[in-house]
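This is work-v2.pdb (PDB, C-alpha atoms).
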ATOM      1  CA  MET A   1     -18.919  51.469  -3.051
ATOM      2  CA  SER A   2     -16.379  50.357  -5.615
ATOM      3  CA  LYS A   3     -16.023  46.581  -5.990
ATOM      4  CA  ARG A   4     -12.581  46.893  -7.452
ATOM      5  CA  THR A   5      -9.875  44.951  -5.660
ATOM      6  CA  THR A   6      -6.689  46.823  -4.852
ATOM      7  CA  ALA A   7      -3.245  45.337  -5.382
ATOM      8  CA  SER A   8      -2.686  45.145  -1.624
ATOM      9  CA  GLN A   9      -5.973  43.305  -1.154
ATOM     10  CA  ARG A  10      -5.015  40.814  -3.874
ATOM     11  CA  ALA A  11      -1.631  40.284  -2.274
ATOM     12  CA  ALA A  12      -3.259  39.652   1.094
ATOM     13  CA  ARG A  13      -5.406  36.845  -0.240
ATOM     14  CA  PRO A  14      -4.127  33.410   0.751
ATOM     15  CA  ARG A  15      -2.659  31.523  -2.171
ATOM     16  CA  ARG A  16      -4.075  28.190  -3.097
ATOM     17  CA  PRO A  17      -1.608  25.439  -2.262
ATOM     18  CA  VAL A  18       0.030  23.912  -5.319
ATOM     19  CA  ARG A  19      -0.816  20.248  -5.764
ATOM     20  CA  ARG A  20       2.523  18.504  -5.928
ATOM     21  CA  THR A  21       1.690  15.469  -7.991
ATOM     22  CA  ALA A  22       3.189  13.509 -10.852
ATOM     23  CA  ALA A  23       2.418  10.497 -13.007
ATOM     24  CA  VAL A  24       5.023   8.465 -14.888
ATOM     25  CA  ARG A  25       4.632   5.542 -17.244
ATOM     26  CA  ARG A  26       7.547   3.504 -18.572
ATOM     27  CA  THR A  27       7.242   0.712 -21.121
ATOM     28  CA  THR A  28      10.144  -1.403 -22.311
ATOM     29  CA  ARG A  29      10.535  -4.899 -23.699
ATOM     30  CA  GLU A  30      11.081  -6.034 -20.115
ATOM     31  CA  THR A  31       8.539  -4.110 -18.056
ATOM     32  CA  THR A  32       5.524  -1.843 -17.983
ATOM     33  CA  VAL A  33       5.422   0.409 -14.930
ATOM     34  CA  GLU A  34       2.954   3.114 -13.918
ATOM     35  CA  VAL A  35       3.494   5.402 -10.927
ATOM     36  CA  GLU A  36       1.236   8.100  -9.519
ATOM     37  CA  LEU A  37       2.538  10.229  -6.656
ATOM     38  CA  THR A  38       1.116  12.967  -4.446
ATOM     39  CA  LEU A  39       3.697  14.404  -2.068
ATOM     40  CA  ASP A  40       1.238  16.042   0.313
ATOM     41  CA  GLY A  41      -0.931  13.009   0.794
ATOM     42  CA  ARG A  42      -2.258  10.868   3.612
ATOM     43  CA  GLY A  43      -0.198   7.741   3.121
ATOM     44  CA  ARG A  44      -2.655   5.922   0.878
ATOM     45  CA  VAL A  45      -0.809   3.296  -1.134
ATOM     46  CA  THR A  46      -1.759   0.916  -3.910
ATOM     47  CA  ALA A  47       1.185  -1.312  -4.787
ATOM     48  CA  ASP A  48       0.676  -4.029  -7.379
ATOM     49  CA  THR A  49       3.950  -5.252  -8.809
ATOM     50  CA  GLY A  50       3.393  -8.985  -8.566
ATOM     51  CA  ILE A  51       6.163  -9.126  -5.951
ATOM     52  CA  GLY A  52       4.573  -9.442  -2.539
ATOM     53  CA  PHE A  53       7.506  -8.401  -0.369
ATOM     54  CA  PHE A  54       8.286  -5.409  -2.587
ATOM     55  CA  ASP A  55       4.645  -4.285  -2.423
ATOM     56  CA  HIS A  56       4.903  -4.531   1.364
ATOM     57  CA  MET A  57       7.972  -2.255   1.380
ATOM     58  CA  LEU A  58       6.322   0.296  -0.937
ATOM     59  CA  ASP A  59       3.374   0.352   1.434
ATOM     60  CA  HIS A  60       5.718   1.277   4.294
ATOM     61  CA  LEU A  61       7.412   3.937   2.169
ATOM     62  CA  GLY A  62       4.156   5.686   1.314
ATOM     63  CA  ARG A  63       2.486   5.265   4.679
ATOM     64  CA  HIS A  64       5.350   6.671   6.715
ATOM     65  CA  GLY A  65       6.144   9.378   4.168
ATOM     66  CA  LEU A  66       2.466  10.387   3.997
ATOM     67  CA  LEU A  67       2.701   9.945   0.246
ATOM     68  CA  ASP A  68      -0.329   8.984  -1.781
ATOM     69  CA  LEU A  69       1.310   6.422  -4.019
ATOM     70  CA  THR A  70       0.192   4.061  -6.743
ATOM     71  CA  VAL A  71       2.671   1.655  -8.295
ATOM     72  CA  ARG A  72       1.528  -0.854 -10.897
ATOM     73  CA  ALA A  73       4.113  -2.986 -12.634
ATOM     74  CA  ARG A  74       4.335  -6.030 -14.842
ATOM     75  CA  GLY A  75       7.661  -7.416 -15.896
ATOM     76  CA  ASP A  76       9.639 -10.396 -17.108
ATOM     77  CA  ARG A  77       9.465 -12.168 -13.785
ATOM     78  CA  HIS A  78      10.043 -15.491 -15.528
ATOM     79  CA  VAL A  79      13.637 -14.215 -15.703
ATOM     80  CA  ASP A  80      13.700 -12.749 -12.180
ATOM     81  CA  ASP A  81      12.396  -9.702 -10.291
ATOM     82  CA  HIS A  82      15.333  -7.436 -11.113
ATOM     83  CA  HIS A  83      13.902  -5.454 -14.021
ATOM     84  CA  THR A  84      10.540  -4.917 -12.345
ATOM     85  CA  VAL A  85      12.047  -3.587  -9.112
ATOM     86  CA  GLU A  86      14.656  -1.425 -10.822
ATOM     87  CA  ASP A  87      12.165   0.109 -13.258
ATOM     88  CA  ALA A  88       9.777   0.848 -10.400
ATOM     89  CA  GLY A  89      12.633   2.770  -8.794
ATOM     90  CA  ILE A  90      13.258   4.662 -12.035
ATOM     91  CA  CYS A  91       9.618   5.688 -12.331
ATOM     92  CA  LEU A  92       9.214   6.628  -8.692
ATOM     93  CA  GLY A  93      12.378   8.714  -8.865
ATOM     94  CA  GLU A  94      11.126  10.544 -11.956
ATOM     95  CA  ALA A  95       7.766  11.146 -10.288
ATOM     96  CA  LEU A  96       9.454  12.529  -7.173
ATOM     97  CA  ALA A  97      11.610  14.905  -9.229
ATOM     98  CA  ARG A  98       8.558  16.202 -11.086
ATOM     99  CA  ALA A  99       6.326  16.499  -8.038
ATOM    100  CA  VAL A 100       8.830  18.434  -5.940
ATOM    101  CA  GLY A 101       9.042  21.056  -8.711
ATOM    102  CA  ASP A 102      11.437  24.011  -8.479
ATOM    103  CA  LYS A 103      12.116  23.277  -4.777
ATOM    104  CA  LYS A 104      11.311  26.789  -3.609
ATOM    105  CA  GLY A 105      10.407  26.869   0.040
ATOM    106  CA  ILE A 106      11.191  23.231   0.866
ATOM    107  CA  ARG A 107      13.491  21.945   3.578
ATOM    108  CA  ARG A 108      15.660  20.107   1.022
ATOM    109  CA  TYR A 109      17.345  17.866   3.612
ATOM    110  CA  GLY A 110      15.663  15.022   5.427
ATOM    111  CA  PHE A 111      16.950  12.424   7.835
ATOM    112  CA  PHE A 112      15.376   9.831  10.057
ATOM    113  CA  CYS A 113      16.388   6.961  12.307
ATOM    114  CA  VAL A 114      13.975   4.039  12.655
ATOM    115  CA  PRO A 115      14.281   1.152  15.094
ATOM    116  CA  MET A 116      12.595  -2.081  14.073
ATOM    117  CA  GLU A 117      12.873  -4.638  16.839
ATOM    118  CA  GLU A 118      16.612  -5.454  17.018
ATOM    119  CA  SER A 119      17.461  -3.519  13.831
ATOM    120  CA  LEU A 120      18.187   0.154  13.276
ATOM    121  CA  ALA A 121      18.143   2.075   9.979
ATOM    122  CA  GLN A 122      19.483   5.575   9.436
ATOM    123  CA  VAL A 123      18.506   7.355   6.212
ATOM    124  CA  ALA A 124      19.487  10.836   5.016
ATOM    125  CA  VAL A 125      18.416  12.514   1.778
ATOM    126  CA  ASP A 126      19.286  15.749  -0.002
ATOM    127  CA  LEU A 127      17.039  16.872  -2.852
ATOM    128  CA  SER A 128      20.080  18.526  -4.374
ATOM    129  CA  GLY A 129      19.550  17.921  -8.071
ATOM    130  CA  ARG A 130      22.601  15.647  -8.025
ATOM    131  CA  ALA A 131      22.476  11.875  -7.727
ATOM    132  CA  ALA A 132      24.544   9.906  -5.240
ATOM    133  CA  THR A 133      23.853   6.734  -3.284
ATOM    134  CA  VAL A 134      25.623   5.243  -0.292
ATOM    135  CA  PHE A 135      24.237   1.927   0.950
ATOM    136  CA  ARG A 136      25.712   0.351   4.067
ATOM    137  CA  ALA A 137      23.475  -2.516   5.091
ATOM    138  CA  LYS A 138      24.242  -6.186   5.470
ATOM    139  CA  PHE A 139      21.804  -9.038   5.207
ATOM    140  CA  ARG A 140      22.363 -12.477   6.684
ATOM    141  CA  GLY A 141      20.641 -14.313   3.866
ATOM    142  CA  SER A 142      20.330 -13.848   0.125
ATOM    143  CA  LYS A 143      16.524 -13.812   0.117
ATOM    144  CA  ILE A 144      13.581 -12.671   2.211
ATOM    145  CA  GLY A 145      11.005 -15.266   1.269
ATOM    146  CA  THR A 146      11.479 -15.363  -2.499
ATOM    147  CA  PHE A 147      12.717 -11.755  -2.720
ATOM    148  CA  ASP A 148      16.393 -11.204  -3.570
ATOM    149  CA  VAL A 149      17.783  -8.793  -0.961
ATOM    150  CA  GLN A 150      20.236  -7.338  -3.528
ATOM    151  CA  LEU A 151      17.243  -5.705  -5.194
ATOM    152  CA  ILE A 152      16.780  -3.345  -2.262
ATOM    153  CA  GLU A 153      19.992  -1.544  -3.144
ATOM    154  CA  GLU A 154      19.128  -1.666  -6.863
ATOM    155  CA  PHE A 155      15.769  -0.018  -6.167
ATOM    156  CA  LEU A 156      17.331   2.685  -3.998
ATOM    157  CA  ARG A 157      20.029   3.474  -6.569
ATOM    158  CA  ALA A 158      17.461   3.771  -9.359
ATOM    159  CA  LEU A 159      15.284   5.973  -7.141
ATOM    160  CA  ALA A 160      18.112   8.334  -6.190
ATOM    161  CA  LEU A 161      19.492   8.571  -9.722
ATOM    162  CA  ASN A 162      16.156   9.516 -11.264
ATOM    163  CA  ALA A 163      15.029  11.758  -8.409
ATOM    164  CA  ARG A 164      18.435  13.447  -8.691
ATOM    165  CA  MET A 165      19.009  13.294  -4.972
ATOM    166  CA  ASN A 166      21.645  12.181  -2.496
ATOM    167  CA  LEU A 167      20.556   9.093  -0.585
ATOM    168  CA  HIS A 168      22.559   7.626   2.273
ATOM    169  CA  VAL A 169      21.381   4.460   4.000
ATOM    170  CA  VAL A 170      23.234   3.023   6.987
ATOM    171  CA  VAL A 171      22.144   0.054   9.072
ATOM    172  CA  PRO A 172      24.635  -0.183  11.958
ATOM    173  CA  TYR A 173      23.088  -3.366  13.337
ATOM    174  CA  GLY A 174      20.278  -5.835  12.828
ATOM    175  CA  THR A 175      19.942  -9.599  12.677
ATOM    176  CA  ASN A 176      16.547 -10.185  11.072
ATOM    177  CA  ASP A 177      16.612  -9.412   7.351
ATOM    178  CA  HIS A 178      12.908  -8.563   7.188
ATOM    179  CA  HIS A 179      13.331  -6.093  10.050
ATOM    180  CA  VAL A 180      16.375  -4.511   8.404
ATOM    181  CA  ALA A 181      14.543  -3.968   5.113
ATOM    182  CA  GLU A 182      11.408  -2.687   6.791
ATOM    183  CA  ALA A 183      13.357  -0.190   8.896
ATOM    184  CA  VAL A 184      15.098   1.123   5.753
ATOM    185  CA  PHE A 185      11.863   1.763   3.869
ATOM    186  CA  LYS A 186      10.142   3.348   6.870
ATOM    187  CA  ALA A 187      13.102   5.650   7.489
ATOM    188  CA  LEU A 188      13.239   6.540   3.803
ATOM    189  CA  GLY A 189       9.579   7.541   3.842
ATOM    190  CA  LYS A 190      10.095   9.745   6.894
ATOM    191  CA  ALA A 191      13.252  11.339   5.453
ATOM    192  CA  LEU A 192      11.584  12.102   2.122
ATOM    193  CA  ARG A 193       8.634  13.649   3.900
ATOM    194  CA  MET A 194      10.957  15.931   5.868
ATOM    195  CA  ALA A 195      13.023  16.931   2.833
ATOM    196  CA  ALA A 196      10.053  17.708   0.584
ATOM    197  CA  GLU A 197       7.821  19.472   3.091
ATOM    198  CA  PRO A 198       7.562  23.279   3.143
ATOM    199  CA  ASP A 199       9.819  25.201   5.481
ATOM    200  CA  PRO A 200       7.814  28.144   6.878
ATOM    201  CA  ARG A 201      10.970  30.300   7.113
ATOM    202  CA  GLU A 202      12.247  29.523   3.613
ATOM    203  CA  THR A 203      10.876  31.591   0.722
ATOM    204  CA  ASP A 204      13.401  30.717  -1.952
ATOM    205  CA  VAL A 205      15.377  27.749  -3.176
ATOM    206  CA  PRO A 206      17.399  26.466  -0.191
ATOM    207  CA  SER A 207      20.805  26.845  -1.829
ATOM    208  CA  THR A 208      23.485  29.529  -2.122
ATOM    209  CA  LYS A 209      23.365  28.871  -5.874
ATOM    210  CA  GLY A 210      19.716  29.955  -6.077
ATOM    211  CA  VAL A 211      18.800  26.824  -7.993
ATOM    212  CA  LEU A 212      18.755  23.082  -7.368
TER     213      LEU A 212
END

Produce structure tokens that represent the structure in this file.
Amino acid sequence: MSKRTTASQRAARPRRPVRRTAAVRRTTRETTVEVELTLDGRGRVTADTGIGFFDHMLDHLGRHGLLDLTVRARGDRHVDDHHTVEDAGICLGEALARAVGDKKGIRRYGFFCVPMEESLAQVAVDLSGRAATVFRAKFRGSKIGTFDVQLIEEFLRALALNARMNLHVVVPYGTNDHHVAEAVFKALGKALRMAAEPDPRETDVPSTKGVL
């Protein structure tokens, strides 16, 4: 019996899933940031930025997005936390853009609504190849612990710009700033998971243009 494999037999073989991973390192005079990302992960997160609250939010992002995520950062925190948080967003956005690849067969759009006690966060993303950010969330104070709440929007803008995606964040109500922030990061993780996951009915790039 011939051991040759026919073309139809080769076509029938299941394809090995592509590992959608990326690693990014960014070094400037202000920061050194390293990010490792696996899109199809289990939600295992190592966040070490020297900023406790920010690490806590990254943990929520990875856990609820089922992303395996490592973020290590050191920056000029004697100035403030701005550069460290923003550059982490830049690197994570670049890693996301690389890991998602040519976007064939993905859902492209993701949206999620997360309640957190008295707060509600609504997040929608489009892995469109075009960057846009809308942030509609109000905080009652200027800081959560020692963390400047303005840096949440800075992180999200850097993430969306470098991932080349649309990101809309709306918090219609909420009174506890920690709850508001936590709901945003959880909803973002869920929305990213939805947008990046394979769509079993989609075999091409989900766009009339044929490219994203």

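Distances from A:Phe112, A:Cys91, A:Ala22, A:Leu212 to Leu161 of chain A were compared using only C-alpha atoms, and the smallest one belongs to A:Cys91.
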
Reference answer for the PyMOL selection byres ((chain A and resi 204-206) around 9), as a PyMOL selection string | chain A and resi 102-108+202-203+207-212

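Residues lying within 8 Å of Ala131 of chain A, counting only C-alpha atoms and ignoring same-chain neighbours fewer than 2 positions away, are Ser128, Gly129, Thr133, Ala160, Leu161, Asn162, Ala163, Arg164, Met165, Asn166 and Leu167 of chain A.
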
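When only C-alpha atoms are used to measure the gap to Pro198 of chain A, the shortest distance among A:Phe54, A:Tyr109, A:Phe135, A:Phe147 belongs to A:Tyr109.
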
Name the residues captured by the PyMOL selection byres ((chain A and resi 139) around 9) when it is applied to the shown file; answer as a ChimeraX atom specification.
-> /A:137-138,140-143,149,174-177,180-181

Convert the output of the PyMOL selection byres ((chain A and resi 170) around 12) on the shown file into explicit residues, formatted as a ChimeraX atom specification.
-> /A:111-114,119-125,133-138,153,167-169,171-174,180-181,183-185,187-188

Set the distance at 9 Å and use all atoms listed in the file: which residues neighbour His60 of chain A once local chain neighbours fewer than 6 positions away are removed? I'd like the list as a PDB file with C-alpha atoms, in the coordinates of the input.
ATOM      1  CA  GLY A  43      -0.198   7.741   3.121  1.00  0.00           C
ATOM      2  CA  VAL A  45      -0.809   3.296  -1.134  1.00  0.00           C
ATOM      3  CA  GLU A 182      11.408  -2.687   6.791  1.00  0.00           C
ATOM      4  CA  PHE A 185      11.863   1.763   3.869  1.00  0.00           C
ATOM      5  CA  LYS A 186      10.142   3.348   6.870  1.00  0.00           C
ATOM      6  CA  GLY A 189       9.579   7.541   3.842  1.00  0.00           C
TER       7      GLY A 189
END

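One distance worth recording is that between atom CA of Ala73 of chain A and atom CA of Phe53 of chain A, which is 13.8 Å.
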
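For the pair atom CA of Arg193 of chain A and atom CA of Asp59 of chain A, the interatomic distance is 14.5 Å.
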
Point-to-point distance from atom CA of Val85 of chain A to atom CA of His64 of chain A, Å rounded to tenths | 20.0 Å
